[in-house]
Amino acid sequence: MVNIVEKTITLNNGKKIPLLGLGTFSGERKGDVVNAVKVALNNGYKHIDCAAVYGNEKEIGIQLKEIFNKNEIKRKDIHITSKLWNSCHDKELVYKHCKKTLDDLNLEYLDLYLIHWPVAFQNSDPLGLTTDSKKDENGKPIFKNVPLRETWEEMEKLVEMGLVKSIGVSNFNVQSLIDLLSYAKIKPVINQVELHPYLSQLKLKDFCDKNNIILTAYSPLGQNKSNILTDPILVKIAEKYKKPVANVIFRWCIQNGFVVIPKSNTESRIIDNINVFDFQLSNNEMDMIKTLNKGNDGRTFLPCNLWGIPIFD
């Protein structure tokens, strides 16, 4: 269990990552996300989670450049993650897309670079210079047989070149991790997955714990498809600590040893979300929250519906 005052966790390569960060996925106006990054960094956040497919890295990069140029917040003190999209898995595309992300974010290096999903799509551009994928007659992406080993070896080269400090994965199940670990020269430090009290990923956590891979929780509130914020058990615990239910969930994540990256474009929520280091849930409360797990029934993001592939089924 993570101590109340600990704000970072150590990865399997010895580097540290802040336990709470700002997620930047948003279907809303790009300007809202840019402002969210500014609010977060000006209010003590040390961790920003990005991805090329979110379509807002260039706008975020303008904000980062402005903030770092003031020298009040230094680049070395901020952990920045990005992700390689599914249409960019080919060995000749990995470097190109990492470099594009760095250029868009106005950075010389990433602290962490993740393979976003363990599946590859055909790129819609013959030169592979976009994150867009080719679609079939039903509008679903066309898959491409790119060996995961090929992509991972290119990710390892990014570390050797100094473009990224650490590499990891996202949305990988145990089977994908077993395959990856069989040949990885550089072990993944993180597996970023949907994770919250209704989907606590207990078996995946056990496997990752045994292999010294940290889980990062995206959608820690279950997106807007979940009634998790009104769950009676969570509401009762929140009332005891005079905290929002969201903060209880983030604290539960942190005490389980998860990194958590809630997203919000609302200034007051961004500021409130980081206030999770001044209280600690009891063992009994942690056990109570553990009973809320619904397994796959608690999952709110279903790639099978979007892409027609049962990654989690």
# chains A, B, ... in the order shown; residues from 1 in each chain; ligands from 1

call {"tool": "residues_around", "arguments": {"residues": "stretch 21-23 of chain A", "least_positions_apart": "4", "cutoff": "12 Å", "atoms": "only C-alpha atoms", "output": "number ranges by chain"}}
result
A: 7-8, 17, 33-41, 43-51, 54, 56, 60, 78-82, 192, 216-220, 250, 254, 258-267, 269-271, 273-276

call {"tool": "residues_around", "arguments": {"residues": "A:Leu180", "least_positions_apart": "6", "cutoff": "10 Å", "atoms": "only C-alpha atoms", "output": "list of chain:residue names"}}
result
A:Leu148, A:Arg149, A:Trp152, A:Val169, A:Phe172, A:Val174, A:Lys187, A:Pro188

call {"tool": "select_by_dssp", "arguments": {"residues": "stretch 57-189 of chain A", "states": "helix (DSSP H, G or I)", "output": "ChimeraX atom specification"}}
result
/A:57-69,75-77,86-88,91-105,148-160,174-181

call {"tool": "residues_around", "arguments": {"residues": "A:Ser170", "least_positions_apart": "4", "cutoff": "8 Å", "atoms": "only C-alpha atoms", "output": "CSV table (one decimal) with all heavy atoms, in the first residue's frame"}}
result
chain,number,residue,atom,x,y,z
A,114,LEU,N,4.2,4.9,-25.0
A,114,LEU,CA,3.5,3.7,-24.9
A,114,LEU,C,3.0,3.2,-26.2
A,114,LEU,O,2.6,4.1,-27.1
A,114,LEU,CB,2.2,3.9,-24.0
A,114,LEU,CG,2.4,4.4,-22.6
A,114,LEU,CD1,1.1,4.6,-21.9
A,114,LEU,CD2,3.4,3.6,-21.7
A,115,ILE,N,2.9,1.9,-26.4
A,115,ILE,CA,2.1,1.4,-27.5
A,115,ILE,C,0.7,1.4,-27.1
A,115,ILE,O,0.3,0.8,-26.1
A,115,ILE,CB,2.5,-0.1,-27.9
A,115,ILE,CG1,4.0,-0.1,-28.4
A,115,ILE,CG2,1.6,-0.7,-28.9
A,115,ILE,CD1,4.5,-1.5,-28.6
A,116,HIS,N,-0.2,2.2,-27.8
A,116,HIS,CA,-1.5,2.5,-27.4
A,116,HIS,C,-2.4,1.3,-27.3
A,116,HIS,O,-3.2,1.2,-26.3
A,116,HIS,CB,-2.1,3.6,-28.3
A,116,HIS,CG,-3.1,4.5,-27.6
A,116,HIS,ND1,-3.3,5.8,-28.0
A,116,HIS,CD2,-4.0,4.2,-26.6
A,116,HIS,CE1,-4.2,6.3,-27.2
A,116,HIS,NE2,-4.7,5.4,-26.4
A,117,TRP,N,-2.4,0.4,-28.2
A,117,TRP,CA,-3.1,-0.8,-28.3
A,117,TRP,C,-2.3,-2.0,-28.9
A,117,TRP,O,-1.5,-1.7,-29.7
A,117,TRP,CB,-4.4,-0.6,-29.1
A,117,TRP,CG,-5.5,0.2,-28.4
A,117,TRP,CD1,-5.6,1.6,-28.5
A,117,TRP,CD2,-6.5,-0.2,-27.6
A,117,TRP,NE1,-6.7,2.0,-27.8
A,117,TRP,CE2,-7.3,0.9,-27.2
A,117,TRP,CE3,-7.0,-1.5,-27.2
A,117,TRP,CZ2,-8.4,0.9,-26.4
A,117,TRP,CZ3,-8.1,-1.5,-26.3
A,117,TRP,CH2,-8.8,-0.4,-26.0
A,118,PRO,N,-2.6,-3.2,-28.5
A,118,PRO,CA,-1.8,-4.3,-29.0
A,118,PRO,C,-2.4,-4.8,-30.4
A,118,PRO,O,-2.4,-6.0,-30.7
A,118,PRO,CB,-2.0,-5.4,-28.0
A,118,PRO,CG,-3.4,-5.1,-27.4
A,118,PRO,CD,-3.5,-3.6,-27.4
A,190,ILE,N,5.1,0.3,-17.7
A,190,ILE,CA,3.7,0.7,-17.4
A,190,ILE,C,2.8,-0.1,-18.4
A,190,ILE,O,3.1,-0.4,-19.5
A,190,ILE,CB,3.5,2.2,-17.7
A,190,ILE,CG1,4.2,3.0,-16.6
A,190,ILE,CG2,2.0,2.5,-17.8
A,190,ILE,CD1,3.4,3.2,-15.3
A,191,ASN,N,1.6,-0.4,-17.9
A,191,ASN,CA,0.5,-0.9,-18.7
A,191,ASN,C,-0.7,0.0,-18.3
A,191,ASN,O,-1.2,-0.1,-17.2
A,191,ASN,CB,0.2,-2.4,-18.5
A,191,ASN,CG,-0.9,-2.9,-19.4
A,191,ASN,OD1,-1.2,-2.3,-20.4
A,191,ASN,ND2,-1.5,-4.0,-19.0
A,192,GLN,N,-1.1,0.9,-19.2
A,192,GLN,CA,-2.2,1.8,-19.0
A,192,GLN,C,-3.5,1.2,-19.4
A,192,GLN,O,-3.6,0.8,-20.6
A,192,GLN,CB,-1.9,3.1,-19.7
A,192,GLN,CG,-2.9,4.2,-19.3
A,192,GLN,CD,-2.7,5.5,-20.0
A,192,GLN,OE1,-3.5,6.0,-20.7
A,192,GLN,NE2,-1.5,6.1,-19.9
A,193,VAL,N,-4.4,1.1,-18.5
A,193,VAL,CA,-5.7,0.4,-18.8
A,193,VAL,C,-6.9,1.1,-18.2
A,193,VAL,O,-6.7,1.9,-17.2
A,193,VAL,CB,-5.7,-1.1,-18.3
A,193,VAL,CG1,-4.6,-1.9,-19.1
A,193,VAL,CG2,-5.4,-1.1,-16.8

call {"tool": "select_by_dssp", "arguments": {"residues": "stretch 28-188 of chain A", "states": "strand (DSSP E or B)", "output": "list in words"}}
result
His47, Ile48, Asp49, His79, Ile80, Thr81, Ser82, Lys83, Leu84, Leu110, Asp111, Leu112, Tyr113, Leu114, Ile115, Phe121, Asn123, Ser133, Lys135, Pro141, Phe143, Val164, Lys165, Ser166, Ile167, Gly168, Val169 and Ser170 of chain A

call {"tool": "write_last_selection", "arguments": {"atoms": "N, CA, C and O atoms", "output": "JSON list (two decimals), in the first residue's frame"}}
result
[["chain", "number", "residue", "atom", "x", "y", "z"],
["A", 47, "HIS", "N", 2.56, 15.73, -13.97],
["A", 47, "HIS", "CA", 2.39, 14.59, -14.87],
["A", 47, "HIS", "C", 1.26, 14.91, -15.85],
["A", 47, "HIS", "O", 0.12, 15.18, -15.45],
["A", 48, "ILE", "N", 1.59, 14.90, -17.15],
["A", 48, "ILE", "CA", 0.61, 15.14, -18.21],
["A", 48, "ILE", "C", 0.62, 13.93, -19.14],
["A", 48, "ILE", "O", 1.67, 13.53, -19.64],
["A", 49, "ASP", "N", -0.55, 13.36, -19.38],
["A", 49, "ASP", "CA", -0.68, 12.18, -20.23],
["A", 49, "ASP", "C", -1.29, 12.56, -21.57],
["A", 49, "ASP", "O", -2.42, 13.06, -21.63],
["A", 79, "HIS", "N", 6.64, 15.13, -15.77],
["A", 79, "HIS", "CA", 6.60, 13.85, -16.49],
["A", 79, "HIS", "C", 5.57, 13.95, -17.60],
["A", 79, "HIS", "O", 4.40, 14.26, -17.36],
["A", 80, "ILE", "N", 6.00, 13.66, -18.84],
["A", 80, "ILE", "CA", 5.09, 13.73, -19.99],
["A", 80, "ILE", "C", 5.09, 12.40, -20.72],
["A", 80, "ILE", "O", 6.14, 11.89, -21.12],
["A", 81, "THR", "N", 3.89, 11.86, -20.89],
["A", 81, "THR", "CA", 3.67, 10.58, -21.58],
["A", 81, "THR", "C", 2.99, 10.84, -22.91],
["A", 81, "THR", "O", 2.16, 11.74, -23.03],
["A", 82, "SER", "N", 3.32, 10.05, -23.93],
["A", 82, "SER", "CA", 2.52, 10.01, -25.15],
["A", 82, "SER", "C", 2.44, 8.57, -25.62],
["A", 82, "SER", "O", 3.02, 7.67, -25.01],
["A", 83, "LYS", "N", 1.69, 8.38, -26.73],
["A", 83, "LYS", "CA", 1.40, 7.01, -27.16],
["A", 83, "LYS", "C", 1.47, 6.88, -28.68],
["A", 83, "LYS", "O", 1.08, 7.81, -29.41],
["A", 84, "LEU", "N", 1.93, 5.72, -29.12],
["A", 84, "LEU", "CA", 2.01, 5.37, -30.54],
["A", 84, "LEU", "C", 0.68, 4.75, -30.96],
["A", 84, "LEU", "O", 0.25, 3.76, -30.39],
["A", 110, "LEU", "N", 10.55, 12.39, -24.40],
["A", 110, "LEU", "CA", 9.37, 11.99, -23.64],
["A", 110, "LEU", "C", 9.83, 11.21, -22.42],
["A", 110, "LEU", "O", 10.80, 10.45, -22.49],
["A", 111, "ASP", "N", 9.14, 11.39, -21.33],
["A", 111, "ASP", "CA", 9.45, 10.58, -20.15],
["A", 111, "ASP", "C", 8.95, 9.15, -20.32],
["A", 111, "ASP", "O", 9.55, 8.21, -19.79],
["A", 112, "LEU", "N", 7.85, 9.00, -21.06],
["A", 112, "LEU", "CA", 7.27, 7.68, -21.26],
["A", 112, "LEU", "C", 6.55, 7.63, -22.60],
["A", 112, "LEU", "O", 5.80, 8.55, -22.94],
["A", 113, "TYR", "N", 6.79, 6.57, -23.36],
["A", 113, "TYR", "CA", 6.12, 6.38, -24.65],
["A", 113, "TYR", "C", 5.49, 5.00, -24.64],
["A", 113, "TYR", "O", 6.16, 4.00, -24.32],
["A", 114, "LEU", "N", 4.21, 4.92, -24.95],
["A", 114, "LEU", "CA", 3.45, 3.68, -24.87],
["A", 114, "LEU", "C", 2.95, 3.23, -26.23],
["A", 114, "LEU", "O", 2.60, 4.06, -27.08],
["A", 115, "ILE", "N", 2.89, 1.92, -26.44],
["A", 115, "ILE", "CA", 2.11, 1.38, -27.55],
["A", 115, "ILE", "C", 0.66, 1.44, -27.10],
["A", 115, "ILE", "O", 0.28, 0.83, -26.10],
["A", 121, "PHE", "N", -3.38, -1.21, -37.37],
["A", 121, "PHE", "CA", -4.28, -0.87, -38.47],
["A", 121, "PHE", "C", -3.46, -0.49, -39.70],
["A", 121, "PHE", "O", -2.31, -0.06, -39.58],
["A", 123, "ASN", "N", -2.44, 2.09, -42.35],
["A", 123, "ASN", "CA", -2.41, 3.55, -42.38],
["A", 123, "ASN", "C", -3.06, 4.05, -43.67],
["A", 123, "ASN", "O", -2.86, 3.48, -44.74],
["A", 133, "SER", "N", -6.53, 5.63, -40.14],
["A", 133, "SER", "CA", -6.45, 4.28, -40.66],
["A", 133, "SER", "C", -7.37, 4.10, -41.86],
["A", 133, "SER", "O", -8.35, 4.82, -42.02],
["A", 135, "LYS", "N", -10.33, 2.36, -43.81],
["A", 135, "LYS", "CA", -11.59, 1.82, -43.31],
["A", 135, "LYS", "C", -12.20, 0.85, -44.31],
["A", 135, "LYS", "O", -12.02, 0.99, -45.53],
["A", 141, "PRO", "N", -11.80, 0.16, -38.98],
["A", 141, "PRO", "CA", -10.42, 0.14, -39.46],
["A", 141, "PRO", "C", -10.03, -1.23, -40.00],
["A", 141, "PRO", "O", -10.49, -2.26, -39.51],
["A", 143, "PHE", "N", -7.37, -4.06, -40.37],
["A", 143, "PHE", "CA", -6.24, -4.50, -39.57],
["A", 143, "PHE", "C", -5.04, -4.86, -40.44],
["A", 143, "PHE", "O", -5.18, -5.15, -41.63],
["A", 164, "VAL", "N", 13.21, 8.90, -25.70],
["A", 164, "VAL", "CA", 12.27, 8.59, -24.62],
["A", 164, "VAL", "C", 13.05, 7.98, -23.46],
["A", 164, "VAL", "O", 14.05, 7.29, -23.65],
["A", 165, "LYS", "N", 12.58, 8.27, -22.24],
["A", 165, "LYS", "CA", 13.26, 7.75, -21.05],
["A", 165, "LYS", "C", 12.80, 6.33, -20.71],
["A", 165, "LYS", "O", 13.59, 5.51, -20.25],
["A", 166, "SER", "N", 11.50, 6.08, -20.91],
["A", 166, "SER", "CA", 10.93, 4.79, -20.57],
["A", 166, "SER", "C", 9.90, 4.41, -21.63],
["A", 166, "SER", "O", 9.33, 5.28, -22.30],
["A", 167, "ILE", "N", 9.67, 3.11, -21.77],
["A", 167, "ILE", "CA", 8.64, 2.65, -22.71],
["A", 167, "ILE", "C", 7.69, 1.69, -22.00],
["A", 167, "ILE", "O", 8.05, 1.04, -21.01],
["A", 168, "GLY", "N", 6.49, 1.63, -22.53],
["A", 168, "GLY", "CA", 5.49, 0.76, -21.93],
["A", 168, "GLY", "C", 4.37, 0.50, -22.91],
["A", 168, "GLY", "O", 4.51, 0.73, -24.11],
["A", 169, "VAL", "N", 3.25, 0.02, -22.38],
["A", 169, "VAL", "CA", 2.13, -0.37, -23.23],
["A", 169, "VAL", "C", 0.83, 0.15, -22.63],
["A", 169, "VAL", "O", 0.78, 0.65, -21.51],
["A", 170, "SER", "N", -0.23, 0.00, -23.40],
["A", 170, "SER", "CA", -1.55, 0.42, -22.96],
["A", 170, "SER", "C", -2.57, -0.58, -23.50],
["A", 170, "SER", "O", -2.44, -1.05, -24.63]]

call {"tool": "residues_around", "arguments": {"residues": "A:Gly55", "least_positions_apart": "6", "cutoff": "12 Å", "atoms": "only C-alpha atoms", "output": "PyMOL selection string"}}
result
chain A and resi 24-31+33-34+61+82-83+85+101+104-105+130-132

call {"tool": "write_last_selection", "arguments": {"atoms": "C-alpha atoms", "output": "compact mmCIF listing (two decimals), in the first residue's frame"}}
result
# COMPACT_ATOMS: atom_id res chain seq x y z
CA THR A 24 -5.77 14.98 -22.08
CA PHE A 25 -8.21 12.86 -24.08
CA SER A 26 -11.14 15.04 -25.05
CA GLY A 27 -13.79 15.17 -27.72
CA GLU A 28 -14.37 18.79 -26.87
CA ARG A 29 -12.69 21.95 -28.09
CA LYS A 30 -8.91 21.76 -28.21
CA GLY A 31 -8.68 25.07 -26.40
CA VAL A 33 -7.60 20.87 -23.10
CA VAL A 34 -4.87 23.46 -23.56
CA GLY A 61 2.90 21.83 -27.19
CA SER A 82 2.52 10.01 -25.15
CA LYS A 83 1.40 7.01 -27.16
CA TRP A 85 -1.27 4.86 -32.40
CA THR A 101 4.91 13.85 -31.25
CA ASP A 104 4.18 18.80 -31.81
CA LEU A 105 4.74 18.92 -28.04
CA THR A 130 -0.97 10.26 -40.43
CA THR A 131 -2.64 8.48 -37.53
CA ASP A 132 -5.72 7.87 -39.71

call {"tool": "residues_around", "arguments": {"residues": "A:Glu150", "least_positions_apart": "2", "cutoff": "10 Å", "atoms": "only C-alpha atoms", "output": "compact mmCIF listing (two decimals) with N, CA and C atoms, in the first residue's frame"}}
result
# COMPACT_ATOMS: atom_id res chain seq x y z
N HIS A 89 2.35 1.17 -36.32
CA HIS A 89 3.14 0.09 -35.74
C HIS A 89 4.27 -0.39 -36.64
N ASP A 90 4.20 -0.12 -37.95
CA ASP A 90 5.25 -0.60 -38.85
C ASP A 90 6.61 -0.08 -38.40
N LYS A 91 7.63 -0.90 -38.57
CA LYS A 91 8.95 -0.56 -38.03
C LYS A 91 9.48 0.76 -38.58
N GLU A 92 9.14 1.09 -39.83
CA GLU A 92 9.63 2.34 -40.42
C GLU A 92 8.81 3.56 -39.97
N VAL A 94 7.60 3.93 -36.53
CA VAL A 94 7.67 4.20 -35.09
C VAL A 94 8.50 5.44 -34.78
N VAL A 146 1.15 -6.75 -38.22
CA VAL A 146 2.48 -6.25 -37.86
C VAL A 146 2.89 -6.96 -36.56
N PRO A 147 3.96 -7.73 -36.57
CA PRO A 147 4.38 -8.41 -35.34
C PRO A 147 4.66 -7.41 -34.22
N LEU A 148 4.10 -7.68 -33.07
CA LEU A 148 4.33 -6.80 -31.93
C LEU A 148 5.82 -6.69 -31.61
N TRP A 152 7.98 -3.33 -30.90
CA TRP A 152 8.66 -3.14 -29.62
C TRP A 152 10.17 -2.91 -29.81
N GLU A 153 10.76 -3.61 -30.76
CA GLU A 153 12.19 -3.41 -31.00
C GLU A 153 12.47 -1.98 -31.45
N GLU A 154 11.55 -1.39 -32.20
CA GLU A 154 11.71 0.02 -32.59
C GLU A 154 11.51 0.94 -31.40
N MET A 155 10.62 0.58 -30.50
CA MET A 155 10.43 1.36 -29.27
C MET A 155 11.72 1.34 -28.44

call {"tool": "residues_around", "arguments": {"residues": "A:Arg251", "least_positions_apart": "5", "cutoff": "9 Å", "atoms": "only C-alpha atoms", "output": "PyMOL selection string"}}
result
chain A and resi 246+256+276-277+279-281

call {"tool": "atom_distance", "arguments": {"atom1": "atom CA of A:Leu181", "atom2": "atom CA of A:Ile9"}}
result
21.5 Å

call {"tool": "residues_around", "arguments": {"residues": "A:Ile311", "least_positions_apart": "4", "cutoff": "9 Å", "atoms": "only C-alpha atoms", "output": "list of chain:residue names"}}
result
A:Pro118, A:Val119, A:Asn171, A:Phe172, A:Asn173, A:Leu302, A:Pro303, A:Cys304

call {"tool": "write_last_selection", "arguments": {"atoms": "N, CA, C and O atoms", "output": "PDB file, in the first residue's frame"}}
result
ATOM      1  N   PRO A 118      -2.605  -3.194 -28.496  1.00  0.00           N
ATOM      2  CA  PRO A 118      -1.847  -4.330 -29.045  1.00  0.00           C
ATOM      3  C   PRO A 118      -2.401  -4.806 -30.390  1.00  0.00           C
ATOM      4  O   PRO A 118      -2.409  -6.008 -30.684  1.00  0.00           O
ATOM      5  N   VAL A 119      -2.883  -3.882 -31.212  1.00  0.00           N
ATOM      6  CA  VAL A 119      -3.388  -4.203 -32.548  1.00  0.00           C
ATOM      7  C   VAL A 119      -2.872  -3.153 -33.528  1.00  0.00           C
ATOM      8  O   VAL A 119      -2.627  -2.006 -33.140  1.00  0.00           O
ATOM      9  N   ASN A 171      -3.550  -0.921 -22.680  1.00  0.00           N
ATOM     10  CA  ASN A 171      -4.637  -1.824 -23.074  1.00  0.00           C
ATOM     11  C   ASN A 171      -4.141  -3.232 -23.414  1.00  0.00           C
ATOM     12  O   ASN A 171      -4.749  -3.921 -24.230  1.00  0.00           O
ATOM     13  N   PHE A 172      -3.063  -3.663 -22.796  1.00  0.00           N
ATOM     14  CA  PHE A 172      -2.549  -5.010 -23.003  1.00  0.00           C
ATOM     15  C   PHE A 172      -3.152  -5.964 -21.980  1.00  0.00           C
ATOM     16  O   PHE A 172      -3.178  -5.658 -20.782  1.00  0.00           O
ATOM     17  N   ASN A 173      -3.638  -7.122 -22.455  1.00  0.00           N
ATOM     18  CA  ASN A 173      -4.092  -8.148 -21.529  1.00  0.00           C
ATOM     19  C   ASN A 173      -2.909  -9.039 -21.154  1.00  0.00           C
ATOM     20  O   ASN A 173      -1.785  -8.842 -21.638  1.00  0.00           O
ATOM     21  N   LEU A 302     -15.360  -0.466 -25.040  1.00  0.00           N
ATOM     22  CA  LEU A 302     -15.424  -1.789 -25.646  1.00  0.00           C
ATOM     23  C   LEU A 302     -14.914  -1.745 -27.087  1.00  0.00           C
ATOM     24  O   LEU A 302     -15.659  -1.412 -28.010  1.00  0.00           O
ATOM     25  N   PRO A 303     -13.641  -2.068 -27.316  1.00  0.00           N
ATOM     26  CA  PRO A 303     -13.087  -2.018 -28.668  1.00  0.00           C
ATOM     27  C   PRO A 303     -13.791  -2.966 -29.631  1.00  0.00           C
ATOM     28  O   PRO A 303     -13.780  -2.744 -30.838  1.00  0.00           O
ATOM     29  N   CYS A 304     -14.418  -4.012 -29.102  1.00  0.00           N
ATOM     30  CA  CYS A 304     -15.140  -4.936 -29.973  1.00  0.00           C
ATOM     31  C   CYS A 304     -16.266  -4.212 -30.706  1.00  0.00           C
ATOM     32  O   CYS A 304     -16.523  -4.474 -31.880  1.00  0.00           O
TER      33      CYS A 304
END

call {"tool": "closest_residue", "arguments": {"among": "A:Asn42, A:Phe312, A:Leu102, A:Ile62", "to": "A:Lys74", "atoms": "only C-alpha atoms"}}
result
A:Asn42

call {"tool": "closest_residue", "arguments": {"among": "A:Asn305, A:Asn106, A:Ser176, A:Asn69", "to": "A:Lys140", "atoms": "only C-alpha atoms"}}
result
A:Asn305

call {"tool": "atom_distance", "arguments": {"atom1": "atom CA of A:Asn227", "atom2": "atom CA of A:Phe207"}}
result
28.4 Å

call {"tool": "closest_residue", "arguments": {"among": "A:Lys134, A:Ile289, A:Tyr109, A:Lys185", "to": "A:Ala238", "atoms": "only C-alpha atoms"}}
result
A:Ile289

call {"tool": "closest_residue", "arguments": {"among": "A:Ser200, A:Asn211, A:Asn71, A:Gln223", "to": "A:Trp252", "atoms": "only C-alpha atoms"}}
result
A:Ser200

call {"tool": "atom_distance", "arguments": {"atom1": "atom CA of A:Ala52", "atom2": "atom CA of A:Leu93"}}
result
13.2 Å
